[in-house]
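Chemist: This one is input15.txt, compact mmCIF, C-alpha atoms and all ligand atoms.
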# COMPACT_ATOMS: atom_id res chain seq x y z
CA MET M 498 0.00 0.00 0.00
CA GLU M 499 1.09 3.56 -0.56
CA ILE M 500 1.00 6.24 2.10
CA ILE M 501 2.41 9.76 2.26
CA VAL M 502 5.14 10.40 4.85
CA ASN M 503 6.46 13.94 5.25
CA GLY M 504 5.01 14.86 1.88
CA ASP M 505 6.61 12.01 -0.05
CA PRO M 506 4.92 8.81 -1.24
CA LEU M 507 6.08 5.69 0.56
CA GLU M 508 5.33 2.09 -0.39
CA VAL M 509 4.89 -0.05 2.72
CA SER M 510 4.46 -3.81 2.86
CA GLU M 511 1.02 -5.21 3.76
CA GLY M 512 2.47 -6.56 7.01
CA ILE M 513 2.61 -3.03 8.38
CA THR M 514 -0.79 -2.34 9.91
CA ASN M 515 -0.32 0.33 12.56
CA ILE M 516 1.80 3.36 13.40
CA GLU M 517 4.04 1.51 15.82
CA GLU M 518 4.98 -1.03 13.16
CA LEU M 519 5.60 1.72 10.64
CA ILE M 520 7.94 3.51 13.04
CA GLN M 521 9.90 0.28 13.47
CA GLU M 522 9.96 -0.27 9.73
CA LEU M 523 11.41 3.23 9.30
CA ARG M 524 13.95 2.44 12.05
CA LEU M 525 12.80 5.42 14.09
CA GLU M 526 11.77 3.50 17.21
CA LYS M 527 14.78 4.69 19.24
CA LYS M 528 14.04 8.33 18.51
CA SER M 529 11.87 10.65 20.53
CA LEU M 530 9.27 11.66 17.98
CA ILE M 531 5.84 13.09 17.32
CA VAL M 532 3.47 11.68 14.74
CA GLU M 533 0.58 13.40 13.00
CA HIS M 534 -1.79 10.97 11.31
CA ASN M 535 -4.26 12.47 8.85
CA GLN M 536 -3.91 15.81 10.62
CA THR M 537 -4.39 14.41 14.12
CA ILE M 538 -1.49 14.52 16.57
CA LEU M 539 -1.09 11.15 18.23
CA LYS M 540 0.12 10.54 21.74
CA LYS M 541 2.63 7.72 21.89
CA GLU M 542 0.21 5.31 23.59
CA LYS M 543 -2.01 5.57 20.49
CA HIS M 544 0.66 4.41 18.05
CA LYS M 545 -0.16 0.73 18.43
CA GLU M 546 -3.92 1.08 18.16
CA THR M 547 -3.88 3.48 15.22
CA ALA M 548 -4.28 1.55 11.98
CA ILE M 549 -2.82 2.82 8.75
CA SER M 550 -4.42 2.39 5.40
CA GLU M 551 -3.90 3.29 1.77
CA GLY M 552 -3.42 7.01 1.13
CA ASP M 553 -2.94 8.02 4.78
CA ARG M 554 -0.90 11.16 5.32
CA LEU M 555 1.68 11.09 8.07
CA GLU M 556 4.03 13.73 9.36
CA ILE M 557 6.81 12.45 11.57
CA VAL M 558 9.09 14.84 13.45
CA HIS M 559 11.88 13.56 15.65
CA PHE M 560 13.96 15.47 18.17
CA VAL M 561 17.68 15.83 17.70
CA GLY M 562 20.29 17.27 20.02
CA GLY M 563 23.00 18.75 17.82
CA GLY M 564 23.75 22.40 17.52
CA MET G 1499 25.29 58.94 9.93
CA LEU G 1500 26.04 55.30 10.41
CA VAL G 1501 24.57 55.10 13.89
CA ASN G 1502 21.18 56.45 12.86
CA ASN G 1503 20.79 54.62 9.60
CA ARG G 1504 22.00 51.13 10.24
CA TYR G 1505 18.57 49.75 11.22
CA HIS G 1506 16.65 51.61 8.54
CA ARG G 1507 15.74 48.62 6.33
CA GLN G 1508 14.54 46.67 9.33
CA MET G 1509 12.45 49.60 10.55
CA LEU G 1510 10.86 49.83 7.10
CA PHE G 1511 9.52 46.35 7.76
CA ASP G 1512 6.09 47.25 9.04
CA PRO G 1513 5.66 44.83 11.98
CA ILE G 1514 8.90 46.14 13.49
CA GLY G 1515 8.94 49.87 12.68
CA GLU G 1516 10.38 52.49 14.99
CA THR G 1517 8.62 51.13 18.07
CA GLY G 1518 9.87 47.60 17.47
CA GLN G 1519 13.42 48.83 16.92
CA LYS G 1520 13.34 50.63 20.23
CA ARG G 1521 12.12 47.48 21.93
CA LEU G 1522 14.97 45.50 20.40
CA GLN G 1523 17.45 48.03 21.73
CA GLU G 1524 16.03 47.63 25.22
CA SER G 1525 16.11 43.82 25.07
CA HIS G 1526 18.44 41.28 26.59
CA VAL G 1527 18.79 37.85 24.99
CA VAL G 1528 20.69 34.89 26.44
CA ILE G 1529 22.24 32.49 23.94
CA VAL G 1530 23.19 29.18 25.48
CA GLY G 1531 25.89 27.56 23.37
CA VAL G 1532 27.97 29.48 20.87
CA GLY G 1533 28.70 26.81 18.30
CA ALA G 1534 27.04 26.79 14.92
CA LEU G 1535 23.51 27.79 16.00
CA GLY G 1536 24.70 30.27 18.61
CA SER G 1537 27.19 32.02 16.32
CA SER G 1538 24.55 32.57 13.70
CA SER G 1539 21.86 33.75 16.15
CA ALA G 1540 24.28 36.09 17.85
CA GLU G 1541 25.35 37.67 14.58
CA MET G 1542 21.77 38.20 13.40
CA LEU G 1543 20.70 39.70 16.71
CA ALA G 1544 23.74 41.98 16.99
CA ARG G 1545 23.10 43.23 13.45
CA ALA G 1546 19.41 43.66 14.25
CA GLY G 1547 20.24 45.95 17.16
CA VAL G 1548 19.30 43.86 20.18
CA GLY G 1549 20.72 45.87 23.08
CA THR G 1550 22.30 43.18 25.21
CA LEU G 1551 23.45 39.65 24.45
CA THR G 1552 24.74 37.17 27.01
CA LEU G 1553 26.74 34.41 25.35
CA ILE G 1554 27.43 31.22 27.27
CA ASP G 1555 29.77 28.47 26.13
CA ARG G 1556 32.17 26.12 27.86
CA ASP G 1557 34.35 25.30 24.88
CA TYR G 1558 37.14 26.79 22.79
CA VAL G 1559 37.49 27.06 19.02
CA GLU G 1560 38.73 24.01 17.10
CA GLU G 1561 39.52 23.53 13.43
CA THR G 1562 36.43 21.41 12.70
CA ASN G 1563 34.24 24.33 13.85
CA LEU G 1564 35.24 26.60 10.97
CA GLN G 1565 33.08 24.88 8.35
CA ARG G 1566 29.89 26.25 9.94
CA GLN G 1567 30.56 28.38 13.03
CA GLN G 1568 30.56 31.74 11.33
CA LEU G 1569 32.07 33.99 13.98
CA PHE G 1570 35.39 32.13 14.22
CA SER G 1571 38.65 32.34 12.31
CA GLU G 1572 41.82 30.31 11.82
CA GLU G 1573 43.53 32.58 14.30
CA ASP G 1574 40.99 31.56 16.95
CA VAL G 1575 41.88 27.93 16.27
CA ARG G 1576 45.60 28.62 16.66
CA MET G 1577 45.01 30.48 19.92
CA GLN G 1578 42.45 27.98 21.21
CA THR G 1579 40.34 31.02 22.06
CA PRO G 1580 37.22 30.30 24.09
CA LYS G 1581 34.24 30.52 21.77
CA VAL G 1582 32.46 33.33 23.59
CA ILE G 1583 35.63 35.45 23.67
CA ALA G 1584 36.18 35.00 19.93
CA ALA G 1585 32.48 35.62 19.29
CA LYS G 1586 32.43 38.81 21.33
CA LYS G 1587 35.43 40.20 19.47
CA ARG G 1588 33.84 39.57 16.09
CA LEU G 1589 30.41 40.85 17.16
CA GLN G 1590 31.88 44.10 18.46
CA GLU G 1591 33.46 44.61 15.05
CA ILE G 1592 30.04 44.12 13.49
CA ASN G 1593 28.13 46.33 15.92
CA HIS G 1594 29.98 48.26 18.60
CA LEU G 1595 26.65 49.34 20.12
CA THR G 1596 25.75 45.85 21.26
CA ASN G 1597 26.40 45.17 24.89
CA ILE G 1598 27.90 41.67 25.07
CA HIS G 1599 28.48 39.54 28.13
CA ALA G 1600 30.83 36.67 27.31
CA GLU G 1601 30.63 33.83 29.82
CA VAL G 1602 33.23 31.05 29.56
CA ILE G 1603 31.22 28.69 31.73
CA ASP G 1604 29.24 25.50 31.57
CA ALA G 1605 25.55 26.40 31.51
CA GLY G 1606 24.54 24.60 34.66
CA VAL G 1607 21.67 25.23 37.06
CA ASP G 1608 23.60 27.65 39.29
CA GLU G 1609 24.81 29.72 36.39
CA LEU G 1610 21.46 29.92 34.58
CA GLU G 1611 19.59 30.71 37.79
CA VAL G 1612 21.56 33.96 37.94
CA ILE G 1613 21.60 34.86 34.26
CA VAL G 1614 18.13 33.92 32.94
CA PRO G 1615 16.01 36.14 35.25
CA GLN G 1616 17.82 39.22 33.89
CA ALA G 1617 16.93 38.49 30.27
CA ASN G 1618 13.80 38.67 28.11
CA LEU G 1619 14.26 35.22 26.63
CA VAL G 1620 16.66 32.37 26.00
CA ILE G 1621 17.84 30.94 22.70
CA ASP G 1622 18.80 27.29 22.85
CA ALA G 1623 21.92 26.67 20.83
CA THR G 1624 23.33 23.83 22.90
CA ASP G 1625 24.46 20.44 21.67
CA ASN G 1626 22.86 18.25 24.32
CA PHE G 1627 19.54 17.47 25.99
CA ASP G 1628 20.83 17.69 29.56
CA THR G 1629 21.34 21.42 29.18
CA ARG G 1630 18.08 21.83 27.23
CA LEU G 1631 16.06 20.28 30.01
CA ILE G 1632 17.70 22.61 32.52
CA ILE G 1633 16.83 25.56 30.26
CA ASN G 1634 13.30 24.19 29.98
CA ASP G 1635 12.87 24.09 33.77
CA ILE G 1636 14.58 27.41 34.49
CA CYS G 1637 12.47 29.20 31.89
CA GLN G 1638 9.26 27.76 33.33
CA LYS G 1639 10.37 28.79 36.81
CA HIS G 1640 11.25 32.34 35.80
CA HIS G 1641 8.53 32.76 33.19
CA LYS G 1642 10.77 33.32 30.20
CA PRO G 1643 10.15 32.17 26.64
CA TRP G 1644 12.83 29.96 25.13
CA ILE G 1645 13.36 28.73 21.60
CA TYR G 1646 14.43 25.14 21.13
CA GLY G 1647 16.60 24.57 18.09
CA ALA G 1648 18.74 21.67 16.98
CA CYS G 1649 20.18 20.15 13.85
CA VAL G 1650 22.16 17.20 12.61
CA ALA G 1651 23.15 16.18 9.08
CA SER G 1652 20.64 18.02 6.81
CA TYR G 1653 17.82 17.88 9.36
CA GLY G 1654 16.70 20.56 11.79
CA VAL G 1655 13.93 21.11 14.30
CA THR G 1656 12.70 24.07 16.32
CA PHE G 1657 9.91 25.02 18.71
CA THR G 1658 9.07 28.11 20.75
CA VAL G 1659 8.18 27.37 24.36
CA LEU G 1660 5.99 30.01 26.04
CA PRO G 1661 5.41 29.43 29.77
CA GLU G 1662 1.71 28.99 30.66
CA GLU G 1663 0.79 28.78 26.99
CA THR G 1664 2.50 26.14 24.89
CA PRO G 1665 3.63 22.63 25.76
CA CYS G 1666 7.19 22.56 27.07
CA LEU G 1667 10.02 20.32 25.86
CA GLN G 1668 9.27 17.84 28.62
CA CYS G 1669 5.66 17.57 27.39
CA LEU G 1670 6.80 16.89 23.83
CA MET G 1671 9.58 14.40 24.43
CA ASP G 1672 8.75 10.95 25.75
CA HIS G 1673 12.39 10.11 26.38
CA ILE G 1674 15.87 11.49 25.79
CA PRO G 1675 17.19 9.82 22.66
CA SER G 1676 20.69 8.40 22.74
CA ASP G 1677 21.16 6.85 19.35
CA GLY G 1678 24.57 8.36 18.79
CA ALA G 1679 23.45 10.64 15.96
CA THR G 1680 25.44 13.80 16.63
CA CYS G 1681 27.31 16.36 14.57
CA ASP G 1682 30.46 14.38 15.40
CA THR G 1683 29.16 11.09 14.03
CA VAL G 1684 26.76 11.76 11.14
CA GLY G 1685 27.95 15.27 10.38
CA ILE G 1686 26.16 18.53 9.70
CA ILE G 1687 25.83 20.88 6.74
CA SER G 1688 25.80 24.59 7.30
CA PRO G 1689 22.47 25.35 5.53
CA ALA G 1690 20.68 23.17 8.08
CA VAL G 1691 22.15 25.36 10.82
CA GLN G 1692 21.09 28.55 9.09
CA MET G 1693 17.56 27.27 8.50
CA VAL G 1694 17.04 26.48 12.19
CA VAL G 1695 18.45 29.87 13.14
CA SER G 1696 16.21 31.65 10.64
CA HIS G 1697 13.19 30.19 12.41
CA GLN G 1698 14.59 30.82 15.88
CA VAL G 1699 15.61 34.43 15.29
CA THR G 1700 12.34 35.30 13.54
CA GLU G 1701 10.46 34.02 16.58
CA VAL G 1702 12.77 36.06 18.81
CA LEU G 1703 12.09 39.22 16.80
CA LYS G 1704 8.33 38.60 17.09
CA ILE G 1705 8.53 38.19 20.85
CA LEU G 1706 10.83 41.15 21.49
CA THR G 1707 8.80 43.49 19.28
CA GLU G 1708 5.60 42.22 20.91
CA ASN G 1709 4.12 40.69 17.78
CA LEU G 1710 2.96 37.63 19.68
CA ASP G 1711 0.08 36.90 17.29
CA ALA G 1712 2.63 36.20 14.59
CA LEU G 1713 4.35 33.38 16.51
CA SER G 1714 4.22 30.05 14.70
CA GLY G 1715 2.88 27.90 17.53
CA LYS G 1716 4.15 24.87 15.64
CA LEU G 1717 6.83 22.28 15.96
CA ILE G 1718 8.80 22.89 12.79
CA ALA G 1719 11.21 20.43 11.22
CA PHE G 1720 12.84 20.03 7.84
CA ASP G 1721 15.28 17.92 5.94
CA LEU G 1722 16.97 20.10 3.35
CA TRP G 1723 18.58 17.18 1.53
CA LYS G 1724 15.33 15.23 1.26
CA ASN G 1725 13.38 18.39 0.40
CA GLN G 1726 10.97 17.88 3.28
CA GLN G 1727 9.25 20.37 5.54
CA MET G 1728 7.06 19.40 8.46
CA GLU G 1729 4.91 21.63 10.67
CA LEU G 1730 2.92 20.13 13.50
CA LYS G 1731 0.35 21.89 15.66
CA VAL G 1732 1.29 20.36 18.98
CA ALA G 1733 -0.81 22.46 21.38
CA SER G 1734 -2.83 19.36 22.28
CA LEU G 1735 0.29 17.74 23.73
CA LYS G 1736 0.48 20.10 26.70
CA ASP G 1737 0.55 17.62 29.53
CA GLU G 1738 -1.40 18.41 32.66
CA THR G 1739 0.84 16.11 34.67
CA CYS G 1740 4.10 17.55 33.29
CA PRO G 1741 6.53 18.00 36.22
CA SER G 1742 8.08 21.01 34.54
CA CYS G 1743 5.32 23.23 33.16
CA SER G 1744 2.23 21.96 35.01
CA LYS G 1745 3.33 20.68 38.44
CA LYS G 1746 6.21 23.12 38.67
CA GLN G 1747 8.56 20.62 40.28
CA TYR G 1748 11.45 21.39 37.91
CA PRO G 1749 13.06 17.95 38.15
CA HIS G 1750 16.13 18.84 36.15
CA LEU G 1751 17.17 21.61 38.48
CA ALA G 1752 17.52 19.25 41.43
CA TYR G 1753 19.18 16.43 39.55
CA GLN G 1754 21.78 18.53 37.85
CA ALA G 1755 22.84 20.07 41.12
CA GLN G 1756 24.64 16.82 41.95
CA LEU G 1757 26.23 16.20 38.60
CA LYS G 1758 29.94 16.83 38.46
CA THR G 1759 31.14 14.90 35.45
CA ALA G 1760 29.68 14.66 31.98
CA VAL G 1761 30.71 12.61 28.98
CA LEU G 1762 30.53 14.98 26.02
CA CYS G 1763 28.44 13.33 23.37
CA GLY G 1764 30.38 12.03 20.39
CA ARG G 1765 33.60 13.73 21.41
CA ASN G 1766 35.49 11.06 23.31
CA THR G 1767 35.76 13.63 26.08
CA VAL G 1768 34.83 13.85 29.74
CA GLN G 1769 34.17 17.17 31.40
CA ILE G 1770 34.89 17.55 35.08
CA ARG G 1771 33.49 20.42 37.10
CA THR G 1772 34.86 21.24 40.49
CA SER G 1773 33.01 22.83 43.36
CA ALA G 1774 32.79 26.60 43.25
CA GLU G 1775 35.04 26.94 46.29
CA LYS G 1776 38.02 25.40 44.59
CA ILE G 1777 40.44 28.00 43.27
CA ILE G 1778 42.76 27.04 40.46
CA HIS G 1779 46.26 28.45 40.73
CA PHE G 1780 46.97 28.68 37.06
CA ASP G 1781 50.58 29.85 37.08
CA GLU G 1782 51.67 27.32 39.64
CA MET G 1783 49.97 24.54 37.82
CA LYS G 1784 51.76 25.61 34.66
CA LYS G 1785 55.13 25.54 36.42
CA HIS G 1786 54.47 22.07 37.75
CA LEU G 1787 53.45 20.75 34.39
CA GLU G 1788 56.49 22.26 32.66
CA ARG G 1789 58.73 20.10 34.81
CA ASN G 1790 57.40 16.95 33.19
CA GLN G 1791 59.23 16.55 29.90
CA HIS G 1792 56.58 14.22 28.52
CA ILE G 1793 54.00 16.94 28.69
CA LYS G 1794 53.35 19.27 25.76
CA LEU G 1795 51.98 22.44 27.24
CA PHE G 1796 50.03 25.35 25.76
CA SER G 1797 48.35 28.25 27.52
CA ASN G 1798 46.49 31.47 26.87
CA PRO G 1799 44.83 33.88 29.32
CA TYR G 1800 41.71 31.69 29.53
CA LEU G 1801 42.93 28.14 29.56
CA LEU G 1802 45.82 25.79 29.92
CA SER G 1803 46.06 22.75 27.74
CA PHE G 1804 48.51 19.88 27.71
CA GLU G 1805 49.03 16.47 26.20
CA ILE G 1806 50.11 13.42 28.11
CA ASP G 1807 50.02 9.82 26.86
CA LYS G 1808 46.83 9.44 24.84
CA TYR G 1809 45.04 12.32 26.59
CA ARG G 1810 44.69 16.00 25.94
CA VAL G 1811 43.69 17.96 29.01
CA VAL G 1812 42.25 21.46 28.93
CA VAL G 1813 41.83 23.40 32.18
CA PHE G 1814 39.75 26.57 32.16
CA ARG G 1815 40.29 29.37 34.67
CA ASP G 1816 37.11 28.48 36.52
CA GLY G 1817 38.58 25.06 37.19
CA ARG G 1818 36.46 23.22 34.67
CA THR G 1819 38.49 20.58 32.90
CA LEU G 1820 38.05 18.67 29.67
CA ILE G 1821 39.80 15.33 29.35
CA HIS G 1822 39.96 14.43 25.66
CA GLY G 1823 40.83 10.87 24.68
CA THR G 1824 38.43 8.94 26.88
CA LYS G 1825 34.74 8.39 27.46
CA ASN G 1826 35.36 6.70 30.77
CA VAL G 1827 34.55 8.92 33.74
CA GLN G 1828 36.76 7.01 36.16
CA GLU G 1829 39.71 7.08 33.80
CA ALA G 1830 39.18 10.80 33.25
CA LYS G 1831 39.03 11.44 36.98
CA LYS G 1832 42.27 9.58 37.41
CA VAL G 1833 44.00 11.75 34.80
CA TYR G 1834 42.46 14.80 36.42
CA TYR G 1835 43.75 13.96 39.84
CA GLN G 1836 47.13 13.00 38.42
CA TYR G 1837 47.79 16.25 36.63
CA VAL G 1838 45.34 18.90 37.80
CA GLY G 1839 45.01 17.87 41.43
ZN ZN M 1901 5.54 20.52 30.07
Just give me the structure as structure tokens.
Modeler:
Amino acid sequence: MEIIVNGDPLEVSEGITNIEELIQELRLEKKSLIVEHNQTILKKEKHKETAISEGDRLEIVHFVGGG
Amino acid sequence: MLVNNRYHRQMLFDPIGETGQKRLQESHVVIVGVGALGSSSAEMLARAGVGTLTLIDRDYVEETNLQRQQLFSEEDVRMQTPKVIAAKKRLQEINHLTNIHAEVIDAGVDELEVIVPQANLVIDATDNFDTRLIINDICQKHHKPWIYGACVASYGVTFTVLPEETPCLQCLMDHIPSDGATCDTVGIISPAVQMVVSHQVTEVLKILTENLDALSGKLIAFDLWKNQQMELKVASLKDETCPSCSKKQYPHLAYQAQLKTAVLCGRNTVQIRTSAEKIIHFDEMKKHLERNQHIKLFSNPYLLSFEIDKYRVVVFRDGRTLIHGTKNVQEAKKVYYQYVG
């Protein structure tokens, strides 16, 4: 299925069903991050229960420390 | 008339005008960290006519800084000039009207408790989350806005924290990441720095000129190399149980008070801070070190640095010491006690 992540199309395998799995797939699970799913900001505890489907729009922002 | 005209183009910009310019002149901004982000912020604010800048940084200029830290020169590298001293010199050349306090110190709780209440706001230009969380608590405690900013590789992120209004950094971050992605491991390109600073300084200008309606209110991030821009409205993440902005317990002020050593991220360096009572006798220390023929010694008015075995040790006048060449706190302490005392 194809979703949009940070404005760019992304093809994800059918095995990825929720936000938590997507974050792992993108190898972002160790980062402190904030996810917006179809214009709704998700608290971290909602990542597992939030399903993703074709055409969903996600914005993912992670915190970095450099300066 | 240079003095009267230098802000003219900025005053033509309607939201600032003559009133805004006067407000800038009466303002005091603290910049914590004078590396890449801090150099750029400081230069923009000095040029813009902000009356007083306090620059805080614990480090001195190194060759790898020159690629992006715009206030420093090769001469500063040769002289191992502390960053805030080099920055102040350059900024005074740019605008002699700016009042600049240069603090060669580690921005700890004790230091910020004194400095932050005197200022209008704080710009975060640090390279670590420990200091950011102290800034976050101090600014809640003293009711000062602060502007988070950070970058690595071609990615940057920024957010303006307004006490009593927006979520704070503690609300937004579920944990402190330690995945080893720092400017020293995955690098940094200068445009990413400048992009973060553009957002930060614009927010600062809005606050200082009292154009609060214009503030972004968003968590802004970008990746210049991937051509991505993200803006998230995060107001809903203000946490009513947050120990920093809601419960006002300021957990990072208490914890930090005990911390005396810190491994500097990605730098193979341990910093050791001594108690405030300890006085370093610089000249005597120098004499002692000169007696050891295995030691290569260098000094300037602000610091003393020497090499021994695989270590390079830098002692600042306030007693703070950097042990380069190890990440091991115990090993660093041993070197410290061996040569600094
Ligand atoms: Zn908070």
Chemist: May I ask for the distance between CA of Arg1815 (chain G) and CA of Cys1637 (chain G), given in Å to one decimal place?
Modeler: 28.0 Å
Chemist: Please, which residues have at least one atom within 6 Å of an atom of ligand ZN 1901 (chain M), using all atoms listed in the file, listed as a PyMOL selection string?
Modeler: chain G and resi 1665-1666+1668-1669+1737+1740+1742-1743
Chemist: Counting all atoms listed in the file, I want the residues whose atoms come within 10 Å of (18.6, 45.7, 22.2) in the file frame, returned as a VMD selection string.
Modeler: chain G and resid 1519 to 1527 1543 to 1544 1546 to 1551 1595 to 1597 1706
Chemist: Which is closest to Val532 (chain M) among G:Met1671, G:Leu1713, G:Ala1760, G:Ile1778, if we use all atoms listed in the file?
Modeler: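 Ranking G:Met1671, G:Leu1713, G:Ala1760, G:Ile1778 by distance to Val532 (chain M), first place goes to G:Met1671.
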Chemist: Determine, using all atoms listed in the file, which residues of chain G have any atom at most 9 Å from an atom of chain M, and tabulate each with its shortest atom pair and distance in Å to one decimal place, rows ordered by chain and then rising number, as CSV.
Modeler:
residue,atom,partner,partner_atom,distance
G:Gly1531,CA,M:Gly564,CA,8.1
G:Val1532,CA,M:Gly564,CA,8.9
G:Gly1533,CA,M:Gly564,CA,6.7
G:Ala1534,CA,M:Gly564,CA,6.1
G:Leu1535,CA,M:Gly564,CA,5.6
G:Gly1536,CA,M:Gly564,CA,8.0
G:Asp1622,CA,M:Gly564,CA,8.8
G:Ala1623,CA,M:Gly564,CA,5.7
G:Thr1624,CA,M:Gly564,CA,5.6
G:Asp1625,CA,M:Gly563,CA,4.5
G:Asn1626,CA,M:Gly562,CA,5.1
G:Phe1627,CA,M:Gly562,CA,6.0
G:Arg1630,CA,M:Gly562,CA,8.8
G:Gly1647,CA,M:Gly564,CA,7.5
G:Ala1648,CA,M:Gly564,CA,5.1
G:Cys1649,CA,M:Gly563,CA,5.1
G:Val1650,CA,M:Gly563,CA,5.5
G:Tyr1653,CA,M:Val561,CA,8.6
G:Gly1654,CA,M:Val561,CA,7.6
G:Val1655,CA,M:Phe560,CA,6.8
G:Thr1656,CA,M:Phe560,CA,8.9
G:Leu1670,CA,M:Ile531,CA,7.6
G:Met1671,CA,M:Ser529,CA,5.9
G:Asp1672,CA,M:Ser529,CA,6.1
G:His1673,CA,M:Ser529,CA,5.9
G:Ile1674,CA,M:Ser529,CA,6.7
G:Pro1675,CA,M:Lys528,CA,5.4
G:Ser1676,CA,M:Lys527,CA,7.8
G:Asp1677,CA,M:Lys527,CA,6.7
G:Ala1679,CA,M:Val561,CA,8.0
G:Thr1680,CA,M:Gly563,CA,5.6
G:Cys1681,CA,M:Gly563,CA,5.9
G:Asp1682,CA,M:Gly563,CA,9.0
G:Ile1686,CA,M:Gly563,CA,8.7
G:Val1691,CA,M:Gly564,CA,7.5
G:Leu1717,CA,M:Val558,CA,8.2
G:Ile1718,CA,M:Val558,CA,8.1
G:Ala1719,CA,M:Val558,CA,6.4
G:Phe1720,CA,M:Val558,CA,8.5
G:Gln1726,CA,M:Asn503,CA,6.3
G:Gln1727,CA,M:Asn503,CA,7.0
G:Met1728,CA,M:Asn503,CA,6.4
G:Glu1729,CA,M:Glu556,CA,8.1
G:Leu1730,CA,M:Glu533,CA,7.1
G:Lys1731,CA,M:Ile538,CA,7.7
G:Val1732,CA,M:Ile538,CA,6.9
G:Ser1734,CA,M:Ile538,CA,7.6
G:Leu1735,CA,M:Lys540,CA,7.5
Chemist: Write the residues of the selection above to a file with C-alpha atoms, as a PDB file, in the frame of the given file.
Modeler:
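What follows is the written file result37.pdb:
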ATOM      1  CA  GLY G1531      25.890  27.560  23.370  1.00  0.00           C
ATOM      2  CA  VAL G1532      27.970  29.480  20.870  1.00  0.00           C
ATOM      3  CA  GLY G1533      28.700  26.810  18.300  1.00  0.00           C
ATOM      4  CA  ALA G1534      27.040  26.790  14.920  1.00  0.00           C
ATOM      5  CA  LEU G1535      23.510  27.790  16.000  1.00  0.00           C
ATOM      6  CA  GLY G1536      24.700  30.270  18.610  1.00  0.00           C
ATOM      7  CA  ASP G1622      18.800  27.290  22.850  1.00  0.00           C
ATOM      8  CA  ALA G1623      21.920  26.670  20.830  1.00  0.00           C
ATOM      9  CA  THR G1624      23.330  23.830  22.900  1.00  0.00           C
ATOM     10  CA  ASP G1625      24.460  20.440  21.670  1.00  0.00           C
ATOM     11  CA  ASN G1626      22.860  18.250  24.320  1.00  0.00           C
ATOM     12  CA  PHE G1627      19.540  17.470  25.990  1.00  0.00           C
ATOM     13  CA  ARG G1630      18.080  21.830  27.230  1.00  0.00           C
ATOM     14  CA  GLY G1647      16.600  24.570  18.090  1.00  0.00           C
ATOM     15  CA  ALA G1648      18.740  21.670  16.980  1.00  0.00           C
ATOM     16  CA  CYS G1649      20.180  20.150  13.850  1.00  0.00           C
ATOM     17  CA  VAL G1650      22.160  17.200  12.610  1.00  0.00           C
ATOM     18  CA  TYR G1653      17.820  17.880   9.360  1.00  0.00           C
ATOM     19  CA  GLY G1654      16.700  20.560  11.790  1.00  0.00           C
ATOM     20  CA  VAL G1655      13.930  21.110  14.300  1.00  0.00           C
ATOM     21  CA  THR G1656      12.700  24.070  16.320  1.00  0.00           C
ATOM     22  CA  LEU G1670       6.800  16.890  23.830  1.00  0.00           C
ATOM     23  CA  MET G1671       9.580  14.400  24.430  1.00  0.00           C
ATOM     24  CA  ASP G1672       8.750  10.950  25.750  1.00  0.00           C
ATOM     25  CA  HIS G1673      12.390  10.110  26.380  1.00  0.00           C
ATOM     26  CA  ILE G1674      15.870  11.490  25.790  1.00  0.00           C
ATOM     27  CA  PRO G1675      17.190   9.820  22.660  1.00  0.00           C
ATOM     28  CA  SER G1676      20.690   8.400  22.740  1.00  0.00           C
ATOM     29  CA  ASP G1677      21.160   6.850  19.350  1.00  0.00           C
ATOM     30  CA  ALA G1679      23.450  10.640  15.960  1.00  0.00           C
ATOM     31  CA  THR G1680      25.440  13.800  16.630  1.00  0.00           C
ATOM     32  CA  CYS G1681      27.310  16.360  14.570  1.00  0.00           C
ATOM     33  CA  ASP G1682      30.460  14.380  15.400  1.00  0.00           C
ATOM     34  CA  ILE G1686      26.160  18.530   9.700  1.00  0.00           C
ATOM     35  CA  VAL G1691      22.150  25.360  10.820  1.00  0.00           C
ATOM     36  CA  LEU G1717       6.830  22.280  15.960  1.00  0.00           C
ATOM     37  CA  ILE G1718       8.800  22.890  12.790  1.00  0.00           C
ATOM     38  CA  ALA G1719      11.210  20.430  11.220  1.00  0.00           C
ATOM     39  CA  PHE G1720      12.840  20.030   7.840  1.00  0.00           C
ATOM     40  CA  GLN G1726      10.970  17.880   3.280  1.00  0.00           C
ATOM     41  CA  GLN G1727       9.250  20.370   5.540  1.00  0.00           C
ATOM     42  CA  MET G1728       7.060  19.400   8.460  1.00  0.00           C
ATOM     43  CA  GLU G1729       4.910  21.630  10.670  1.00  0.00           C
ATOM     44  CA  LEU G1730       2.920  20.130  13.500  1.00  0.00           C
ATOM     45  CA  LYS G1731       0.350  21.890  15.660  1.00  0.00           C
ATOM     46  CA  VAL G1732       1.290  20.360  18.980  1.00  0.00           C
ATOM     47  CA  SER G1734      -2.830  19.360  22.280  1.00  0.00           C
ATOM     48  CA  LEU G1735       0.290  17.740  23.730  1.00  0.00           C
TER      49      LEU G1735
END
Chemist: Separation of CA of Gly1764 (chain G) and CA of Thr1824 (chain G), in Å?
Modeler: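 That distance, rounded to one decimal, is 10.8 Å.
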Chemist: Can you list, as a ChimeraX atom specification, every protein, DNA or RNA residue that comes within 12 Å of Ala1584 (chain G) when you count all atoms listed in the file, leaving out same-chain residues fewer than 4 positions away?
Modeler: /G:1532-1533,1537,1553,1555,1557-1560,1567-1580,1588-1591,1598,1600-1602,1800
Chemist: Which polymer residues have any atom within 6 Å of an atom of Asp553 (chain M), counting only C-alpha atoms, with same-chain residues fewer than 2 positions away left out, as a list of chain:residue names?
Modeler: M:Ile500, M:Ser550, M:Glu551
Chemist: Please dump the current selection as an mmCIF file, in the coordinates of the input; keep C-alpha atoms.
Modeler:
data_model
loop_
_atom_site.group_PDB
_atom_site.id
_atom_site.type_symbol
_atom_site.label_atom_id
_atom_site.label_comp_id
_atom_site.auth_asym_id
_atom_site.auth_seq_id
_atom_site.Cartn_x
_atom_site.Cartn_y
_atom_site.Cartn_z
ATOM 1 C CA ILE M 500 1.000 6.240 2.100
ATOM 2 C CA SER M 550 -4.420 2.390 5.400
ATOM 3 C CA GLU M 551 -3.900 3.290 1.770
#
